[in-house]
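> Below you will find the structure I want to go over with you.
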Amino acid sequence: MPGKIKIDDGFIKEVQATLKQLRAQITDVKSGVDPNDGKRARGGHLTNLTIAAGGDKFAEGANLKSKISSLATAADQKLSGFDQKFSGYDQGLSHIIASSDATEDANSSYASFGGYLTGSGAPPSLSPPPTH
């Protein structure tokens, strides 16, 4: 039998930290920084990627430059899409935590209020009333 899956505030916050780390790496890569190599700059922004493939009159070189530029733009857009998705996931998880906390607070308030209804100032008993 597989183990139980436990998703609590701690687990959700770990996922959020991972999402934030991934977003930081995306920002690094898009700006030409290698996040796996001490964050050393390896070039400029991804969309500014160019190559030297001969002069403009060299058709194959011009074609290659155009293809590289298109691929760099497509990669930048794809990374931006991931960044937006990860941001949305992070915000959604923050909402889940806030909603859960609000539910816990409401439950505590309702339990306290129940004590006032019984006149004891304590939460009411869940056992059935005595029969005569």
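Naming works like this for the structure tokens: A, B, ... for the chains as they're shown, residue 1 at the start of each chain, ligands 1 onward in shown order.
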What lies within 12 Å of Ile96 of chain A using only C-alpha atoms, ignoring chain neighbours under 6 positions off, as an NGL selection string?
:A and (7-9 or 12-13 or 16 or 89-90 or 102-103)
> Would you pick out the contacts of Lys20 of chain A at 12 Å or less, using only C-alpha atoms, so that residues sharing its chain but fewer than 6 positions from it are not included, and give the list as a short mmCIF file (atom, residue, chain, number, x, y, z; two decimals) with N, CA and C atoms, in the first residue's frame?

```
data_model
loop_
_atom_site.label_atom_id
_atom_site.label_comp_id
_atom_site.auth_asym_id
_atom_site.auth_seq_id
_atom_site.Cartn_x
_atom_site.Cartn_y
_atom_site.Cartn_z
N LYS A 13 4.50 25.72 1.04
CA LYS A 13 5.53 26.76 1.05
C LYS A 13 6.82 26.27 0.39
N GLU A 14 7.12 24.98 0.50
CA GLU A 14 8.28 24.42 -0.21
C GLU A 14 8.07 24.50 -1.72
N ILE A 26 14.81 31.45 -14.74
CA ILE A 26 14.30 31.87 -16.04
C ILE A 26 14.79 33.29 -16.34
N THR A 27 14.68 34.17 -15.35
CA THR A 27 15.14 35.55 -15.53
C THR A 27 16.63 35.57 -15.87
N PHE A 82 6.46 30.25 -19.30
CA PHE A 82 6.69 29.46 -18.09
C PHE A 82 6.71 30.36 -16.86
N ASP A 83 7.39 31.50 -16.99
CA ASP A 83 7.47 32.44 -15.87
C ASP A 83 6.07 32.88 -15.44
N GLN A 84 5.22 33.19 -16.39
CA GLN A 84 3.85 33.61 -16.07
C GLN A 84 3.06 32.48 -15.42
N LYS A 85 3.21 31.26 -15.94
CA LYS A 85 2.51 30.12 -15.34
C LYS A 85 2.98 29.89 -13.90
N PHE A 86 4.29 29.91 -13.69
CA PHE A 86 4.82 29.69 -12.34
C PHE A 86 4.35 30.78 -11.39
N SER A 87 4.27 32.01 -11.88
CA SER A 87 3.77 33.11 -11.05
C SER A 87 2.31 32.86 -10.67
N GLY A 88 1.52 32.42 -11.64
CA GLY A 88 0.12 32.10 -11.36
C GLY A 88 -0.04 30.98 -10.35
N TYR A 89 0.80 29.94 -10.48
CA TYR A 89 0.75 28.83 -9.53
C TYR A 89 1.10 29.32 -8.13
N ASP A 90 2.11 30.16 -8.03
CA ASP A 90 2.53 30.71 -6.74
C ASP A 90 1.40 31.52 -6.11
N GLN A 91 0.76 32.36 -6.91
CA GLN A 91 -0.35 33.17 -6.39
C GLN A 91 -1.51 32.28 -5.97
#
```
> Please return, as a list in words, all residues of segment 6-103 of chain A that DSSP assigns to strand (DSSP E) on the basis of the backbone.
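Here are the strand (DSSP E) residues of segment 6-103 of chain A: Val33, Asp34, Arg40 and Ala41 of chain A.
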> Env of Val29 of chain A: 9 Å cut, atoms = only C-alpha atoms, seq-sep filter 4 positions within chain, self excluded. Answer as JSON, numbers by chain.
{"A": [24, 25, 33, 34, 35, 45, 46, 79]}
> Please measure the separation of atom CA of Asp28 of chain A and atom CA of Ala62 of chain A, giving the value in Å to one decimal.
28.5 Å
> Just give me the gap between atom CA of Leu49 of chain A and atom CA of Gln77 of chain A in Å, one decimal is fine.
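Atom CA of Gln77 of chain A lies 13.8 Å from atom CA of Leu49 of chain A.
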> Please identify which residues in chain A DSSP calls alpha helix (DSSP H) from the backbone, and express them as a ChimeraX atom specification.
/A:9-30,59-118
